[in-house]
Amino acid sequence: MSKAEAFISPDEEQEIIAAIKVAEKNTSGEIRVHIEASTEKNHDERSLEVFYLLEMNKTKDENAVLIYVAVKDKKFVIYGDKGINKVVPEGFWTTTKDIMQNHFKQGDFKQGIVDGILKAGEELQEHFPWQIDDEDELSNEISKG
C-alpha cells in the first residue's frame with residue numbers, strides 16, 4: 001500500500017466523496033481532491049500540473065477547485081481556477097488552508113479535507129449558484145498519483 005493510499009481509509013475516502021457531492025449540490029462549481037505520496041516539483045507547480053491533467057481547466061465557468069495533497073512532503077495546495085479566484089474575498093484560500101491545517105496538525109486528515117471542500121463549496125454556491133442546465137462536469141472520485 002502506498003503512502004498516498006494509507007493516508008485515508010476507504011471509509012474516509014467515501015466520506016470525502018460525499019462531502020464533494022454536498023458541496024457541489026447547489027453550485028455549478030467543481031471540486032476535486034488529488035492525493036499523492038510526494039513530488040520532486042514545487043508543490044504549487046505540481047498542483048497546477050494536476051489541475052490540467054484532470055482537465056479541471058475545461059469547466060464552463062472556470063470555477064473548479066483542486067485540493068492537492070502530497071502526503072510524504074506534508075504539503076497541500078488549494079488551487080482555484082480563474083473564475084472563482086476573481087470573486088472570492090481576499091485571503092479566502094488562506095483561511096480555508098488554515099482550517100484544513102488545524103485538522104491536519106491533529107492527525108485528522110479526512111476532516112481537514114472535508115472542511116476544506118465544504119468551505120470551498122459555500123463560496124462557489126455564493127458566486128456560482130446551481131442553474132437548471134448545470135451538469136456535473138468532473139468526477140467526484142479522489143485521484144491518486
# chains A, B, ... in the order shown; residues from 1 in each chain; ligands from 1

call {"tool": "select_by_dssp", "arguments": {"residues": "region 75-134 of chain A", "states": "strand (DSSP E or B)", "output": "PDB file with all heavy atoms, in the first residue's frame"}}
result
ATOM      1  N   LYS A  75       2.679  18.579   2.566  1.00  0.00           N
ATOM      2  CA  LYS A  75       2.297  19.835   1.900  1.00  0.00           C
ATOM      3  C   LYS A  75       0.944  19.656   1.234  1.00  0.00           C
ATOM      4  O   LYS A  75       0.597  18.558   0.782  1.00  0.00           O
ATOM      5  CB  LYS A  75       3.315  20.199   0.811  1.00  0.00           C
ATOM      6  CG  LYS A  75       4.717  20.430   1.307  1.00  0.00           C
ATOM      7  CD  LYS A  75       4.842  21.795   1.913  1.00  0.00           C
ATOM      8  CE  LYS A  75       6.283  22.070   2.290  1.00  0.00           C
ATOM      9  NZ  LYS A  75       6.448  23.313   2.967  1.00  0.00           N
ATOM     10  N   PHE A  76       0.197  20.741   1.158  1.00  0.00           N
ATOM     11  CA  PHE A  76      -1.038  20.722   0.388  1.00  0.00           C
ATOM     12  C   PHE A  76      -1.284  22.101  -0.209  1.00  0.00           C
ATOM     13  O   PHE A  76      -0.792  23.106   0.295  1.00  0.00           O
ATOM     14  CB  PHE A  76      -2.228  20.239   1.230  1.00  0.00           C
ATOM     15  CG  PHE A  76      -2.715  21.211   2.269  1.00  0.00           C
ATOM     16  CD1 PHE A  76      -3.856  21.975   2.046  1.00  0.00           C
ATOM     17  CD2 PHE A  76      -2.051  21.351   3.473  1.00  0.00           C
ATOM     18  CE1 PHE A  76      -4.316  22.866   3.001  1.00  0.00           C
ATOM     19  CE2 PHE A  76      -2.501  22.239   4.433  1.00  0.00           C
ATOM     20  CZ  PHE A  76      -3.637  22.995   4.196  1.00  0.00           C
ATOM     21  N   VAL A  77      -2.014  22.111  -1.307  1.00  0.00           N
ATOM     22  CA  VAL A  77      -2.290  23.343  -2.044  1.00  0.00           C
ATOM     23  C   VAL A  77      -3.769  23.341  -2.405  1.00  0.00           C
ATOM     24  O   VAL A  77      -4.317  22.311  -2.779  1.00  0.00           O
ATOM     25  CB  VAL A  77      -1.448  23.411  -3.348  1.00  0.00           C
ATOM     26  CG1 VAL A  77      -1.805  24.640  -4.172  1.00  0.00           C
ATOM     27  CG2 VAL A  77       0.048  23.385  -3.042  1.00  0.00           C
ATOM     28  N   ILE A  78      -4.392  24.494  -2.295  1.00  0.00           N
ATOM     29  CA  ILE A  78      -5.748  24.660  -2.824  1.00  0.00           C
ATOM     30  C   ILE A  78      -5.591  25.533  -4.061  1.00  0.00           C
ATOM     31  O   ILE A  78      -5.093  26.659  -3.974  1.00  0.00           O
ATOM     32  CB  ILE A  78      -6.694  25.349  -1.821  1.00  0.00           C
ATOM     33  CG1 ILE A  78      -6.736  24.566  -0.508  1.00  0.00           C
ATOM     34  CG2 ILE A  78      -8.093  25.478  -2.426  1.00  0.00           C
ATOM     35  CD1 ILE A  78      -7.497  25.283   0.601  1.00  0.00           C
ATOM     36  N   TYR A  79      -5.981  24.994  -5.201  1.00  0.00           N
ATOM     37  CA  TYR A  79      -5.839  25.737  -6.455  1.00  0.00           C
ATOM     38  C   TYR A  79      -7.216  26.007  -7.034  1.00  0.00           C
ATOM     39  O   TYR A  79      -7.968  25.083  -7.336  1.00  0.00           O
ATOM     40  CB  TYR A  79      -4.984  24.947  -7.465  1.00  0.00           C
ATOM     41  CG  TYR A  79      -4.735  25.734  -8.721  1.00  0.00           C
ATOM     42  CD1 TYR A  79      -3.672  26.628  -8.784  1.00  0.00           C
ATOM     43  CD2 TYR A  79      -5.584  25.630  -9.808  1.00  0.00           C
ATOM     44  CE1 TYR A  79      -3.465  27.396  -9.918  1.00  0.00           C
ATOM     45  CE2 TYR A  79      -5.386  26.396 -10.944  1.00  0.00           C
ATOM     46  CZ  TYR A  79      -4.323  27.267 -10.994  1.00  0.00           C
ATOM     47  OH  TYR A  79      -4.122  28.051 -12.107  1.00  0.00           O
ATOM     48  N   GLY A  80      -7.542  27.278  -7.158  1.00  0.00           N
ATOM     49  CA  GLY A  80      -8.817  27.675  -7.752  1.00  0.00           C
ATOM     50  C   GLY A  80      -8.594  28.243  -9.139  1.00  0.00           C
ATOM     51  O   GLY A  80      -7.612  28.953  -9.379  1.00  0.00           O
ATOM     52  N   PRO A 129     -24.202  29.981  -8.288  1.00  0.00           N
ATOM     53  CA  PRO A 129     -25.326  29.144  -7.861  1.00  0.00           C
ATOM     54  C   PRO A 129     -25.708  28.144  -8.949  1.00  0.00           C
ATOM     55  O   PRO A 129     -25.509  28.397 -10.137  1.00  0.00           O
ATOM     56  CB  PRO A 129     -26.446  30.150  -7.604  1.00  0.00           C
ATOM     57  CG  PRO A 129     -26.043  31.400  -8.290  1.00  0.00           C
ATOM     58  CD  PRO A 129     -24.560  31.386  -8.431  1.00  0.00           C
TER      59      PRO A 129
END

call {"tool": "select_by_dssp", "arguments": {"residues": "region 48-78 of chain A", "states": "helix (DSSP H, G or I)", "output": "number ranges by chain"}}
result
A: 48-53, 56-58

call {"tool": "write_last_selection", "arguments": {"atoms": "C-alpha atoms", "output": "PDB file, in the first residue's frame"}}
result
ATOM      1  CA  LEU A  48      -1.263  23.318 -11.422  1.00  0.00           C
ATOM      2  CA  GLU A  49       0.019  20.362 -13.462  1.00  0.00           C
ATOM      3  CA  VAL A  50      -2.516  18.021 -11.799  1.00  0.00           C
ATOM      4  CA  PHE A  51      -5.244  20.634 -12.374  1.00  0.00           C
ATOM      5  CA  TYR A  52      -4.566  20.419 -16.120  1.00  0.00           C
ATOM      6  CA  LEU A  53      -4.065  16.614 -16.124  1.00  0.00           C
ATOM      7  CA  MET A  56     -10.205  20.974 -14.461  1.00  0.00           C
ATOM      8  CA  ASN A  57      -9.389  23.987 -16.646  1.00  0.00           C
ATOM      9  CA  LYS A  58     -12.199  22.994 -19.021  1.00  0.00           C
TER      10      LYS A  58
END

call {"tool": "residues_around", "arguments": {"residues": "region 11-27 of chain A", "least_positions_apart": "2", "cutoff": "6 Å", "atoms": "only C-alpha atoms", "output": "count of residues only"}}
result
11

call {"tool": "residues_around", "arguments": {"residues": "Asp73 (chain A)", "least_positions_apart": "3", "cutoff": "9 Å", "atoms": "only C-alpha atoms", "output": "number ranges by chain"}}
result
A: 37-39, 69-70, 76

call {"tool": "residues_around", "arguments": {"residues": "Glu55 (chain A)", "least_positions_apart": "4", "cutoff": "12 Å", "atoms": "only C-alpha atoms", "output": "list in words"}}
result
Glu30, Ile31, Arg32, Leu48, Glu49, Val50, Phe51, Thr59, Lys60, Glu62, Ala64, Val65, Leu66, Asp81, Glu137, Leu138 and Ser139 of chain A

call {"tool": "write_last_selection", "arguments": {"atoms": "C-alpha atoms", "output": "mmCIF file, in the first residue's frame"}}
result
data_model
loop_
_atom_site.group_PDB
_atom_site.id
_atom_site.type_symbol
_atom_site.label_atom_id
_atom_site.label_comp_id
_atom_site.auth_asym_id
_atom_site.auth_seq_id
_atom_site.Cartn_x
_atom_site.Cartn_y
_atom_site.Cartn_z
ATOM 1 C CA GLU A 30 -16.446 21.668 -9.394
ATOM 2 C CA ILE A 31 -14.186 20.338 -6.631
ATOM 3 C CA ARG A 32 -11.576 17.587 -6.943
ATOM 4 C CA LEU A 48 -1.263 23.318 -11.422
ATOM 5 C CA GLU A 49 0.019 20.362 -13.462
ATOM 6 C CA VAL A 50 -2.516 18.021 -11.799
ATOM 7 C CA PHE A 51 -5.244 20.634 -12.374
ATOM 8 C CA THR A 59 -15.197 23.843 -16.825
ATOM 9 C CA LYS A 60 -17.704 26.182 -18.418
ATOM 10 C CA GLU A 62 -13.673 28.410 -14.918
ATOM 11 C CA ALA A 64 -13.052 24.402 -10.486
ATOM 12 C CA VAL A 65 -11.136 23.978 -7.219
ATOM 13 C CA LEU A 66 -8.405 21.400 -6.647
ATOM 14 C CA ASP A 81 -9.388 28.421 -11.436
ATOM 15 C CA GLU A 137 -18.626 18.306 -15.352
ATOM 16 C CA LEU A 138 -15.918 16.439 -13.407
ATOM 17 C CA SER A 139 -15.642 13.188 -11.485
#

call {"tool": "residues_around", "arguments": {"residues": "Met100 (chain A)", "least_positions_apart": "3", "cutoff": "12 Å", "atoms": "only C-alpha atoms", "output": "MDAnalysis selection string"}}
result
chainID A and resid 67:69 75:78 93:97 103:120

call {"tool": "residues_around", "arguments": {"residues": "Val88 (chain A)", "least_positions_apart": "2", "cutoff": "10 Å", "atoms": "only C-alpha atoms", "output": "short mmCIF file (atom, residue, chain, number, x, y, z; two decimals) with all heavy atoms, in the first residue's frame"}}
result
data_model
loop_
_atom_site.label_atom_id
_atom_site.label_comp_id
_atom_site.auth_asym_id
_atom_site.auth_seq_id
_atom_site.Cartn_x
_atom_site.Cartn_y
_atom_site.Cartn_z
N GLY A 80 -7.54 27.28 -7.16
CA GLY A 80 -8.82 27.68 -7.75
C GLY A 80 -8.59 28.24 -9.14
O GLY A 80 -7.61 28.95 -9.38
N GLY A 83 -12.05 31.80 -12.78
CA GLY A 83 -13.40 32.29 -12.50
C GLY A 83 -13.67 32.44 -11.01
O GLY A 83 -14.21 33.45 -10.57
N ILE A 84 -13.29 31.45 -10.23
CA ILE A 84 -13.52 31.52 -8.79
C ILE A 84 -12.54 32.48 -8.12
O ILE A 84 -12.90 33.22 -7.21
CB ILE A 84 -13.50 30.10 -8.12
CG1 ILE A 84 -13.87 30.17 -6.64
CG2 ILE A 84 -12.19 29.39 -8.30
CD1 ILE A 84 -15.28 30.53 -6.32
N ASN A 85 -11.30 32.50 -8.60
CA ASN A 85 -10.32 33.40 -7.98
C ASN A 85 -10.67 34.87 -8.14
O ASN A 85 -10.29 35.69 -7.31
CB ASN A 85 -8.91 33.12 -8.54
CG ASN A 85 -8.29 31.91 -7.90
OD1 ASN A 85 -8.72 31.46 -6.83
ND2 ASN A 85 -7.30 31.35 -8.56
N LYS A 86 -11.41 35.21 -9.21
CA LYS A 86 -11.81 36.60 -9.43
C LYS A 86 -12.82 37.09 -8.39
O LYS A 86 -12.92 38.28 -8.14
CB LYS A 86 -12.47 36.74 -10.81
CG LYS A 86 -11.51 36.86 -11.94
CD LYS A 86 -12.29 37.17 -13.22
CE LYS A 86 -11.69 36.39 -14.37
NZ LYS A 86 -12.58 36.31 -15.51
N GLU A 90 -10.49 38.47 -0.59
CA GLU A 90 -9.05 38.38 -0.37
C GLU A 90 -8.77 37.55 0.89
O GLU A 90 -9.45 37.70 1.90
CB GLU A 90 -8.46 39.78 -0.21
CG GLU A 90 -6.96 39.79 -0.26
CD GLU A 90 -6.39 41.19 -0.32
OE1 GLU A 90 -7.04 42.09 -0.89
OE2 GLU A 90 -5.29 41.38 0.22
N GLY A 91 -7.83 36.65 0.79
CA GLY A 91 -7.48 35.82 1.95
C GLY A 91 -8.34 34.58 2.11
O GLY A 91 -8.14 33.80 3.03
N PHE A 92 -9.31 34.38 1.21
CA PHE A 92 -10.23 33.24 1.34
C PHE A 92 -9.49 31.90 1.33
O PHE A 92 -9.73 31.05 2.17
CB PHE A 92 -11.28 33.24 0.23
CG PHE A 92 -12.16 32.02 0.25
CD1 PHE A 92 -13.16 31.90 1.20
CD2 PHE A 92 -11.94 30.97 -0.64
CE1 PHE A 92 -13.96 30.76 1.25
CE2 PHE A 92 -12.74 29.83 -0.60
CZ PHE A 92 -13.75 29.72 0.35
N TRP A 93 -8.58 31.71 0.37
CA TRP A 93 -7.87 30.44 0.28
C TRP A 93 -6.96 30.23 1.48
O TRP A 93 -6.82 29.11 1.98
CB TRP A 93 -7.09 30.33 -1.03
CG TRP A 93 -7.99 30.36 -2.24
CD1 TRP A 93 -7.92 31.24 -3.28
CD2 TRP A 93 -9.09 29.49 -2.53
NE1 TRP A 93 -8.92 30.96 -4.19
CE2 TRP A 93 -9.65 29.90 -3.75
CE3 TRP A 93 -9.66 28.41 -1.87
CZ2 TRP A 93 -10.74 29.26 -4.34
CZ3 TRP A 93 -10.76 27.77 -2.44
CH2 TRP A 93 -11.28 28.19 -3.66
N ALA A 120 -15.07 25.61 0.49
CA ALA A 120 -14.98 25.99 -0.93
C ALA A 120 -16.35 25.91 -1.58
O ALA A 120 -16.73 26.79 -2.37
CB ALA A 120 -13.98 25.07 -1.65
N GLU A 123 -18.52 28.95 -0.84
CA GLU A 123 -18.09 30.11 -1.63
C GLU A 123 -18.50 29.95 -3.09
O GLU A 123 -18.97 30.90 -3.72
CB GLU A 123 -16.57 30.28 -1.51
CG GLU A 123 -16.07 31.64 -1.86
CD GLU A 123 -16.53 32.75 -0.92
OE1 GLU A 123 -16.86 32.50 0.25
OE2 GLU A 123 -16.56 33.91 -1.37
N LEU A 124 -18.36 28.76 -3.62
CA LEU A 124 -18.79 28.50 -5.00
C LEU A 124 -20.29 28.73 -5.14
O LEU A 124 -20.75 29.32 -6.12
CB LEU A 124 -18.44 27.06 -5.40
CG LEU A 124 -16.98 26.79 -5.74
CD1 LEU A 124 -16.71 25.30 -5.78
CD2 LEU A 124 -16.59 27.44 -7.06
N GLU A 126 -22.17 30.71 -3.45
CA GLU A 126 -22.50 32.13 -3.40
C GLU A 126 -22.26 32.81 -4.75
O GLU A 126 -23.06 33.64 -5.18
CB GLU A 126 -21.63 32.81 -2.33
CG GLU A 126 -21.98 34.27 -2.14
CD GLU A 126 -21.21 34.90 -0.99
OE1 GLU A 126 -20.96 34.22 0.02
OE2 GLU A 126 -20.85 36.08 -1.14
N HIS A 127 -21.18 32.46 -5.42
CA HIS A 127 -20.81 33.15 -6.66
C HIS A 127 -21.25 32.42 -7.93
O HIS A 127 -21.37 33.04 -8.98
CB HIS A 127 -19.30 33.37 -6.70
CG HIS A 127 -18.79 34.17 -5.55
ND1 HIS A 127 -19.04 35.52 -5.42
CD2 HIS A 127 -18.09 33.82 -4.45
CE1 HIS A 127 -18.50 35.96 -4.30
NE2 HIS A 127 -17.92 34.95 -3.69
#

call {"tool": "atom_distance", "arguments": {"atom1": "CA of Gln101 (chain A)", "atom2": "CA of Asp44 (chain A)"}}
result
16.5 Å
